[in-house]
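File shown: upload-v9.txt. Contents: compact mmCIF, C-alpha atoms.
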```txt
# COMPACT_ATOMS: atom_id res chain seq x y z
CA MET A 281 40.43 28.64 123.49
CA GLU A 282 39.80 30.96 126.43
CA VAL A 283 38.72 34.54 126.86
CA THR A 284 38.99 36.75 129.91
CA ASN A 285 35.59 37.69 131.27
CA ARG A 286 35.12 40.70 133.53
CA TYR A 287 31.81 40.85 135.34
CA ILE A 288 30.04 42.58 138.25
CA THR A 289 28.65 40.91 141.38
CA ILE A 290 27.22 42.15 144.66
CA LYS A 291 29.44 41.62 147.72
CA THR A 292 26.50 41.19 150.08
CA GLN A 293 22.76 41.77 150.14
CA VAL A 294 21.81 45.40 149.47
CA ASP A 295 19.22 46.80 151.88
CA GLY A 296 18.60 50.51 151.41
CA GLU A 297 20.03 52.76 148.73
CA PRO A 298 22.76 51.01 146.70
CA LYS A 299 26.32 52.35 146.78
CA GLU A 300 29.54 51.64 144.88
CA SER A 301 31.01 49.58 147.74
CA ASP A 302 28.15 47.06 147.41
CA PHE A 303 29.57 45.87 144.08
CA GLU A 304 32.71 44.09 142.95
CA LEU A 305 34.40 43.74 139.56
CA LYS A 306 35.62 40.17 139.08
CA THR A 307 37.71 38.51 136.40
CA SER A 308 37.69 34.87 135.32
CA ALA A 309 38.88 32.75 132.40
CA LEU A 310 36.08 31.42 130.19
CA SER A 311 36.58 28.56 127.76
CA ILE A 312 34.71 29.07 124.52
CA SER A 313 34.97 25.43 123.50
CA LEU A 314 31.58 23.79 124.00
CA ASP A 315 30.35 20.22 123.77
CA PRO A 316 28.08 20.23 120.69
CA SER A 317 25.42 18.27 122.62
CA SER A 318 25.51 20.48 125.71
CA ASN A 319 22.84 23.03 124.65
CA ASP A 320 25.11 25.64 126.28
CA ILE A 321 25.65 28.99 124.58
CA ILE A 322 28.35 31.61 125.11
CA VAL A 323 27.54 35.15 124.04
CA LYS A 324 29.46 38.40 123.93
CA ASN A 325 27.34 41.01 125.68
CA LEU A 326 26.72 44.21 123.71
CA TYR A 327 23.98 46.20 125.50
CA VAL A 328 22.58 45.39 128.95
CA SER A 329 19.45 46.87 130.50
CA ILE A 330 19.68 48.63 133.86
CA ASP A 331 16.39 48.34 135.78
CA PRO A 332 15.23 49.48 139.25
CA TYR A 333 13.49 46.17 140.06
CA GLN A 334 16.92 44.53 140.32
CA LEU A 335 17.37 46.23 143.70
CA ASN A 336 14.54 44.11 145.13
CA ARG A 337 16.45 41.02 143.97
CA MET A 338 19.56 42.22 145.79
CA LYS A 339 17.81 42.67 149.13
CA SER A 340 18.06 40.18 151.98
CA GLN A 341 14.28 39.85 151.72
CA SER A 342 11.58 41.13 149.38
CA SER A 343 8.12 39.74 148.71
CA SER A 344 8.81 40.16 144.99
CA GLN A 345 11.53 37.50 145.11
CA LYS A 346 8.94 34.71 145.44
CA ALA A 347 6.38 36.14 143.04
CA ILE A 348 7.94 35.27 139.68
CA GLY A 349 11.10 33.55 138.48
CA PHE A 350 12.90 36.52 136.94
CA ALA A 351 12.59 38.41 140.26
CA ALA A 352 14.38 35.69 142.25
CA ALA A 353 17.03 36.74 144.76
CA ILE A 354 20.55 37.44 143.49
CA THR A 355 23.26 35.58 145.39
CA PRO A 356 26.33 37.61 146.43
CA GLY A 357 29.35 36.65 144.34
CA GLU A 358 27.26 35.15 141.54
CA ASP A 359 26.36 36.52 138.10
CA ILE A 360 23.68 39.22 137.93
CA ASP A 361 21.33 38.32 135.10
CA ALA A 362 19.61 41.08 133.13
CA TYR A 363 17.88 41.68 129.81
CA GLY A 364 20.16 42.60 126.95
CA VAL A 365 21.51 42.19 123.44
CA ALA A 366 24.44 39.92 122.65
CA LYS A 367 26.28 38.11 119.87
CA VAL A 368 26.77 34.35 119.89
CA VAL A 369 30.42 33.34 120.28
CA ALA A 370 29.94 29.57 120.61
CA SER A 371 26.87 27.35 120.63
CA GLY A 372 26.02 23.80 121.59
CA ASN A 373 22.41 24.48 120.64
CA PRO A 374 21.56 23.83 116.96
CA GLU A 375 19.03 26.68 117.00
CA PHE A 376 21.81 29.24 117.50
CA GLU A 377 24.94 29.75 115.42
CA LYS A 378 28.13 31.74 115.88
CA ASP A 379 27.60 35.45 115.16
CA ASP A 380 23.82 35.31 115.61
CA LEU A 381 22.44 38.47 117.23
CA VAL A 382 20.28 37.53 120.20
CA VAL A 383 18.21 39.27 122.86
CA GLY A 384 17.19 37.91 126.24
CA LEU A 385 18.57 37.28 129.72
CA ILE A 386 22.34 37.74 129.79
CA THR A 387 24.59 39.11 132.58
CA TRP A 388 26.35 42.18 133.99
CA GLY A 389 29.62 41.25 132.30
CA GLU A 390 31.57 41.02 129.07
CA TYR A 391 30.47 37.46 128.28
CA SER A 392 27.61 35.24 129.41
CA LEU A 393 27.65 31.45 129.67
CA LEU A 394 24.05 30.30 129.29
CA LYS A 395 23.72 26.69 130.33
CA GLY A 396 21.63 23.66 129.53
CA GLY A 397 18.93 25.16 127.37
CA LYS A 398 17.25 26.78 130.42
CA TYR A 399 17.69 30.30 129.16
CA MET A 400 15.44 32.98 127.74
CA LEU A 401 16.98 33.95 124.43
CA ARG A 402 15.83 34.58 120.88
CA LYS A 403 17.33 35.71 117.62
CA PHE A 404 16.10 39.01 116.23
CA ASP A 405 16.11 41.16 113.13
CA PRO A 406 17.34 44.72 113.89
CA MET A 407 14.98 45.98 111.13
CA GLY A 408 17.37 48.83 110.42
CA PHE A 409 17.20 50.23 113.97
CA PRO A 410 20.11 50.57 116.41
CA LEU A 411 20.78 47.41 118.44
CA SER A 412 20.17 49.39 121.63
CA TYR A 413 16.48 49.72 120.69
CA GLN A 414 16.06 46.01 121.46
CA VAL A 415 16.91 46.73 125.09
CA GLY A 416 14.51 49.63 125.46
CA ILE A 417 11.84 50.87 123.09
CA LEU A 418 11.52 47.56 121.19
CA GLY A 419 12.14 45.45 124.30
CA PHE A 420 10.54 45.07 127.69
CA SER A 421 10.45 48.80 128.43
CA GLY A 422 8.39 49.35 125.32
CA LEU A 423 6.15 46.35 125.95
CA THR A 424 5.61 47.46 129.55
CA ALA A 425 4.48 50.89 128.39
CA TYR A 426 2.30 49.53 125.57
CA GLY A 427 0.73 46.67 127.50
CA GLY A 428 0.24 48.71 130.65
CA PHE A 429 -1.41 51.60 128.85
CA PHE A 430 -3.56 49.81 126.31
CA GLU A 431 -4.33 46.52 128.09
CA VAL A 432 -4.52 47.63 131.74
CA CYS A 433 -5.74 51.21 131.39
CA LYS A 434 -7.95 50.61 128.33
CA PRO A 435 -7.95 54.28 127.29
CA LYS A 436 -10.62 56.19 125.42
CA LYS A 437 -9.77 59.08 123.14
CA GLY A 438 -9.85 62.39 124.92
CA GLU A 439 -9.25 60.97 128.38
CA LYS A 440 -6.91 62.72 130.77
CA VAL A 441 -3.72 60.82 131.60
CA PHE A 442 -1.13 61.45 134.32
CA VAL A 443 2.28 59.74 134.15
CA SER A 444 4.78 59.83 137.03
CA ALA A 445 8.53 59.41 136.44
CA ALA A 446 7.55 60.49 132.94
CA SER A 447 11.12 60.94 131.69
CA GLY A 448 12.07 57.38 132.66
CA SER A 449 12.37 54.33 130.42
CA VAL A 450 8.67 53.41 130.58
CA GLY A 451 7.01 56.71 131.47
CA ASN A 452 8.26 58.62 128.44
CA LEU A 453 6.80 55.95 126.16
CA VAL A 454 3.46 55.82 127.97
CA GLY A 455 3.09 59.55 127.44
CA GLN A 456 3.97 59.28 123.77
CA TYR A 457 1.59 56.37 123.16
CA ALA A 458 -1.17 58.23 125.00
CA LYS A 459 -0.69 61.38 122.90
CA LEU A 460 -0.65 59.39 119.67
CA PHE A 461 -3.88 57.70 120.77
CA GLY A 462 -5.59 61.04 121.36
CA CYS A 463 -5.42 61.59 125.12
CA TYR A 464 -4.54 64.69 127.14
CA VAL A 465 -1.24 63.91 128.90
CA VAL A 466 0.62 65.49 131.81
CA GLY A 467 3.83 64.06 133.23
CA CYS A 468 6.02 64.79 136.21
CA ALA A 469 9.79 64.55 136.42
CA GLY A 470 12.61 65.68 138.71
CA SER A 471 14.34 68.54 136.86
CA LYS A 472 13.56 71.47 134.59
CA GLU A 473 15.55 69.80 131.80
CA LYS A 474 13.40 66.68 131.99
CA VAL A 475 10.21 68.76 132.08
CA ALA A 476 11.39 70.60 128.95
CA LEU A 477 12.08 67.26 127.21
CA LEU A 478 8.56 66.05 127.92
CA LYS A 479 6.89 69.19 126.60
CA GLU A 480 9.21 70.23 123.77
CA LYS A 481 10.32 66.92 122.25
CA LEU A 482 7.95 64.18 123.39
CA GLY A 483 4.71 66.08 122.91
CA PHE A 484 3.24 66.00 126.43
CA ASP A 485 0.49 68.60 126.85
CA ASP A 486 2.09 69.72 130.10
CA ALA A 487 4.64 68.63 132.68
CA PHE A 488 5.94 69.73 136.07
CA ASN A 489 8.87 69.24 138.41
CA TYR A 490 7.48 67.41 141.44
CA LYS A 491 10.40 68.66 143.56
CA GLU A 492 9.02 72.17 143.23
CA GLU A 493 5.54 71.18 144.43
CA PRO A 494 5.12 71.20 148.24
CA ASP A 495 1.54 69.89 147.90
CA LEU A 496 1.19 67.15 145.26
CA LYS A 497 -2.58 66.89 145.68
CA ALA A 498 -2.98 70.59 144.98
CA ALA A 499 -0.55 70.40 142.07
CA LEU A 500 -2.53 67.64 140.38
CA GLU A 501 -5.78 69.51 140.96
CA ARG A 502 -4.17 72.48 139.20
CA TYR A 503 -3.01 70.43 136.21
CA PHE A 504 -6.20 68.39 136.05
CA PRO A 505 -9.09 70.73 137.00
CA ASP A 506 -11.53 68.19 135.50
CA GLY A 507 -9.87 65.19 137.18
CA ILE A 508 -7.65 62.30 136.09
CA ASP A 509 -9.03 59.34 134.13
CA ILE A 510 -5.82 57.29 133.94
CA TYR A 511 -2.80 57.32 136.22
CA PHE A 512 0.28 55.36 135.12
CA ASP A 513 2.23 54.90 138.35
CA ASN A 514 5.98 54.40 138.39
CA VAL A 515 6.55 55.94 141.83
CA GLY A 516 4.06 54.87 144.52
CA PHE A 517 3.85 56.52 147.96
CA GLU A 518 2.70 60.19 148.00
CA MET A 519 2.30 60.40 144.24
CA LEU A 520 -0.23 57.54 144.20
CA GLU A 521 -2.09 59.07 147.14
CA ALA A 522 -2.31 62.44 145.38
CA ALA A 523 -3.44 60.89 142.10
CA VAL A 524 -6.24 58.87 143.73
CA VAL A 525 -7.64 62.02 145.37
CA ASN A 526 -7.84 63.60 141.91
CA MET A 527 -9.16 60.57 140.00
CA ASN A 528 -12.49 60.67 138.21
CA THR A 529 -15.22 58.07 138.65
CA PHE A 530 -14.17 54.77 137.05
CA GLY A 531 -10.58 55.97 136.88
CA ARG A 532 -7.84 53.41 136.26
CA VAL A 533 -4.42 53.17 137.88
CA ALA A 534 -1.76 50.98 136.25
CA VAL A 535 0.90 50.23 138.87
CA CYS A 536 4.11 49.63 136.93
CA GLY A 537 6.63 50.38 139.69
CA VAL A 538 7.03 51.97 143.11
CA ILE A 539 10.59 53.25 142.94
CA SER A 540 10.11 55.63 145.88
CA GLU A 541 9.46 52.59 148.08
CA TYR A 542 12.41 50.46 146.90
CA ILE A 543 15.05 52.19 149.01
CA ASP A 544 12.95 53.29 151.99
CA ALA A 545 10.80 50.69 153.75
CA THR A 546 8.93 53.42 155.63
CA LYS A 547 7.43 54.79 152.40
CA ARG A 548 4.22 52.89 151.76
CA ALA A 549 1.31 54.29 149.78
CA ALA A 550 -1.96 54.69 151.68
CA PRO A 551 -4.50 55.92 149.11
CA ASN A 552 -7.88 57.10 150.34
CA MET A 553 -9.87 53.87 150.11
CA LEU A 554 -13.19 55.72 150.32
CA ASP A 555 -12.22 57.41 147.04
CA VAL A 556 -11.32 54.03 145.58
CA VAL A 557 -14.70 52.57 146.59
CA TYR A 558 -17.06 55.44 145.84
CA LYS A 559 -15.33 56.53 142.63
CA ARG A 560 -14.97 52.83 141.63
CA ILE A 561 -11.29 53.27 140.85
CA LYS A 562 -9.42 50.25 139.49
CA ILE A 563 -5.83 49.89 140.76
CA GLN A 564 -3.94 47.10 139.02
CA GLY A 565 -0.35 45.96 139.21
CA PHE A 566 1.12 44.26 136.15
CA LEU A 567 4.28 42.92 134.56
CA ALA A 568 5.41 43.06 130.95
CA ALA A 569 5.27 39.26 130.82
CA ASP A 570 1.49 39.48 131.27
CA HIS A 571 1.20 41.03 127.84
CA MET A 572 3.34 38.85 125.58
CA ASN A 573 0.13 38.14 123.62
CA VAL A 574 0.19 41.70 122.27
CA PHE A 575 3.92 41.67 121.43
CA PRO A 576 3.36 41.44 117.64
CA ASP A 577 0.92 44.38 117.74
CA PHE A 578 3.29 46.34 119.99
CA LEU A 579 6.26 45.73 117.69
CA SER A 580 4.36 46.60 114.51
CA THR A 581 2.82 49.77 115.97
CA THR A 582 6.05 50.96 117.57
CA THR A 583 8.27 50.39 114.55
CA ASP A 584 5.75 52.17 112.31
CA HIS A 585 5.71 55.20 114.65
CA LEU A 586 9.52 55.21 114.83
CA ARG A 587 9.87 55.17 111.06
CA THR A 588 7.43 58.05 110.62
CA GLY A 589 9.11 60.07 113.38
CA LYS A 590 5.98 60.14 115.56
CA LEU A 591 7.69 58.23 118.38
CA HIS A 592 11.07 59.07 119.89
CA ALA A 593 13.54 56.70 121.54
CA VAL A 594 15.13 58.31 124.59
CA GLU A 595 18.25 56.47 125.72
CA ASP A 596 20.84 57.00 128.44
CA ILE A 597 23.88 54.82 127.74
CA SER A 598 26.95 54.26 129.93
CA ASP A 599 30.08 52.63 128.51
CA GLY A 600 32.04 49.65 129.76
CA VAL A 601 31.58 46.88 132.29
CA GLU A 602 33.03 49.08 135.04
CA SER A 603 30.06 51.44 134.71
CA PHE A 604 27.39 48.94 135.80
CA PRO A 605 27.38 49.99 139.49
CA SER A 606 27.24 53.74 138.85
CA ALA A 607 24.61 53.29 136.13
CA PHE A 608 22.44 51.28 138.51
CA ILE A 609 22.94 53.61 141.49
CA GLY A 610 22.02 56.59 139.31
CA LEU A 611 18.50 55.21 138.79
CA PHE A 612 17.70 55.90 142.44
CA ARG A 613 19.17 59.40 142.34
CA GLY A 614 17.27 60.60 139.29
CA HIS A 615 20.36 60.69 137.06
CA ASN A 616 18.91 58.88 134.06
CA THR A 617 16.77 60.27 131.27
CA GLY A 618 14.99 57.63 129.21
CA LYS A 619 16.12 54.02 129.01
CA LYS A 620 19.25 53.37 131.05
CA MET A 621 21.62 50.73 129.73
CA VAL A 622 25.30 49.84 129.58
CA LYS A 623 27.10 49.40 126.28
CA VAL A 624 29.61 46.65 126.96
CA ALA A 625 31.09 46.23 123.48
CA ASP A 626 30.64 47.03 119.80
CA GLU A 627 29.12 44.39 117.60
```
Let's see the structure in the file written out as structure tokens.
Amino acid sequence: MEVTNRYITIKTQVDGEPKESDFELKTSALSISLDPSSNDIIVKNLYVSIDPYQLNRMKSQSSSQKAIGFAAAITPGEDIDAYGVAKVVASGNPEFEKDDLVVGLITWGEYSLLKGGKYMLRKFDPMGFPLSYQVGILGFSGLTAYGGFFEVCKPKKGEKVFVSAASGSVGNLVGQYAKLFGCYVVGCAGSKEKVALLKEKLGFDDAFNYKEEPDLKAALERYFPDGIDIYFDNVGFEMLEAAVVNMNTFGRVAVCGVISEYIDATKRAAPNMLDVVYKRIKIQGFLAADHMNVFPDFLSTTTDHLRTGKLHAVEDISDGVESFPSAFIGLFRGHNTGKKMVKVADE
């Protein structure tokens, strides 16, 4: 038996800001008859995560491509792998059965053929939550926020926390975790609607639109008259420079992403290193994979907060395989609020 699989590829390497013409919708026939001893699995994709780091994989060259396996370069014309939720259609692996719900690395398409047992996939219990939560708040976005804040920043109650790109998939969760922990939290975002979301729904103590601030250093001094203890960086460049100037002694910076630098090679952060030295500021990059050891704690804490209504899932969902390019491009234009993903099909 065969199914028709529609999927998205890049036509060529993408250097600079991505555009619709960089992508191509392809169609191929996919046999769903598998050799029982093959270890191959075919899944029907349901929800697929859209993440900025994928742009670095699409470039002709990026230092990140050699740093870790999941950041390896994407070949034009080939499948684009991404984190997501799927349903097993056929399995040559005895650990997975037809109709199992799974989460892991799938593809920008309607179906994914995962070959030879060399895949990252696990079954999961939805625990009464929407399946989309596995892509965002209960997936790597959530773990990134939790691990980055608690393991890298090591907060103390009452500390002052600044979060950039605070309405994004990770930033909104960092701010919520920090408030629940007992910190003072200010976030920045790119529109008045996003600022309102942070303050009125997500519980941030304050928030501002960075586009309305001609002097970021002065803005942060205004919002943090007693200095910043923790900066959770999703942006890089000028925002990191401004935060370092306003950091307190023994401040911590968790570098989660540098989205401002992804599409413009001329934007490179140059923080005042005298501040870093004399204020003994720790600046640490990290990946969610570094913190798999705290996954059980993260999952237990997050689900408890969700059930009690103390934590909010903010999702931005596009529909259909055709929407992958526009969903991805929108990340770099500030179009998304919360976790961006594509819903490919109903369960």
Could you make a table, as a Markdown table, of the residues of stretch 416-513 of chain A that have an atom within 10 Å of an atom of stretch 610-627 of chain A, each with its nearest atom pair and distance in Å to one decimal, counting only C-alpha atoms, in chain and number order?
```
| residue | atom | partner | partner_atom | distance |
| --- | --- | --- | --- | --- |
| A:Gly416 | CA | A:Lys619 | CA | 5.9 |
| A:Ile417 | CA | A:Lys619 | CA | 8.0 |
| A:Ser421 | CA | A:Lys619 | CA | 7.7 |
| A:Gly422 | CA | A:Lys619 | CA | 9.8 |
| A:Ala445 | CA | A:Gly614 | CA | 9.3 |
| A:Ala446 | CA | A:Gly618 | CA | 8.8 |
| A:Ser447 | CA | A:Gly618 | CA | 5.7 |
| A:Gly448 | CA | A:Gly618 | CA | 4.5 |
| A:Ser449 | CA | A:Lys619 | CA | 4.0 |
| A:Val450 | CA | A:Lys619 | CA | 7.6 |
| A:Gly451 | CA | A:Gly618 | CA | 8.3 |
| A:Asn452 | CA | A:Gly618 | CA | 6.8 |
| A:Leu453 | CA | A:Gly618 | CA | 8.9 |
| A:Ala469 | CA | A:Gly614 | CA | 8.9 |
| A:Gly470 | CA | A:Gly614 | CA | 6.9 |
| A:Ser471 | CA | A:Gly614 | CA | 8.8 |
| A:Glu473 | CA | A:Thr617 | CA | 9.6 |
| A:Lys474 | CA | A:Thr617 | CA | 7.3 |
| A:Leu477 | CA | A:Thr617 | CA | 9.3 |
```
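The coordinates place atom CA of A:Pro406 at 17.2 Å from atom CA of A:Leu591.
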Give the centre and edge lengths of an axis-aligned box, in Å to one decimal, that holds all listed atoms of stretch 608-627 of chain A with 6 Å on each side, as JSON.
```
{"center_x": 23.0, "center_y": 52.5, "center_z": 130.0, "size_x": 28.1, "size_y": 28.3, "size_z": 36.8}
```
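With distances taken over all atoms listed in the file, A:Gly357 is the one residue among A:Gly537, A:Pro410, A:Gly357, A:Pro374 lying closest to A:Lys306.
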(message) My list of candidates is A:Met553, A:Val475, A:Ile321, A:Ile288. Which is closest to A:Gly372 when distances are computed with all atoms listed in the file?
(response) A:Ile321
(request) Give as a count of residues only every residue, naming chains and numbers as the document does, that has an atom within 12 Å of (5.3, 47.3, 116.4), counting all atoms listed in the file. (result) 24
(request) Just the residues within 10 Å of A:Asp570, please, counting all atoms listed in the file, with nothing from its chain fewer than 6 positions along; format it as an MDAnalysis selection string. (result) chainID A and resid 423:424 427:428 431
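Residue nearest A:Pro316 within the list A:Val538, A:Arg548, A:Glu602, A:Ser371: A:Ser371 [criterion: smallest interatomic distance, only C-alpha atoms].
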(request) Write out as an MDAnalysis selection string each polymer residue whose atoms come within 7 Å of stretch 402-404 of chain A, counting only C-alpha atoms; drop sequence neighbours fewer than 4 positions from it. (result) chainID A and resid 380:384
(message) As an exercise, work out the distance from atom CA of A:Leu567 to atom CA of A:Val535 in Å and give it to one decimal place.
(response) 9.1 Å
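Counting all atoms listed in the file, the residue from A:Asp486, A:Ile348, A:Tyr333, A:Ser340 that sits nearest to A:Asn514 is A:Tyr333.
Separating atom CA of A:Val328 from atom CA of A:Ala362 is a distance of 6.7 Å.
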(message) I want to know what sits within 6 Å of A:Gly467, based on all atoms listed in the file, with residues of the same chain fewer than 4 positions away left out; could you give that as an NGL selection string?
(response) :A and (442-444 or 446 or 487)
(request) For A:Ser313, please output as a ChimeraX atom specification all residues within 9 Å (counting only C-alpha atoms; exclusion window: fewer than 5 positions along the same chain). (result) /A:281-282,370-371
(request) May I have the residues at most 7 Å from (-3.1, 48.4, 136.0) in the file's coordinates, counting all atoms listed in the file, as a VMD selection string? (result) chain A and resid 428 432 to 433 532 to 535 563 to 566
(request) Write out as a ChimeraX atom specification which residues come within 8 Å of A:Glu304 when counting all atoms listed in the file, dropping same-chain ones fewer than 5 positions away. (result) /A:288-291
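If you measure from each of A:Arg502, A:Lys497, A:Lys437, A:Lys398 to A:Pro551 using all atoms listed in the file, the closest one turns out to be A:Lys497.
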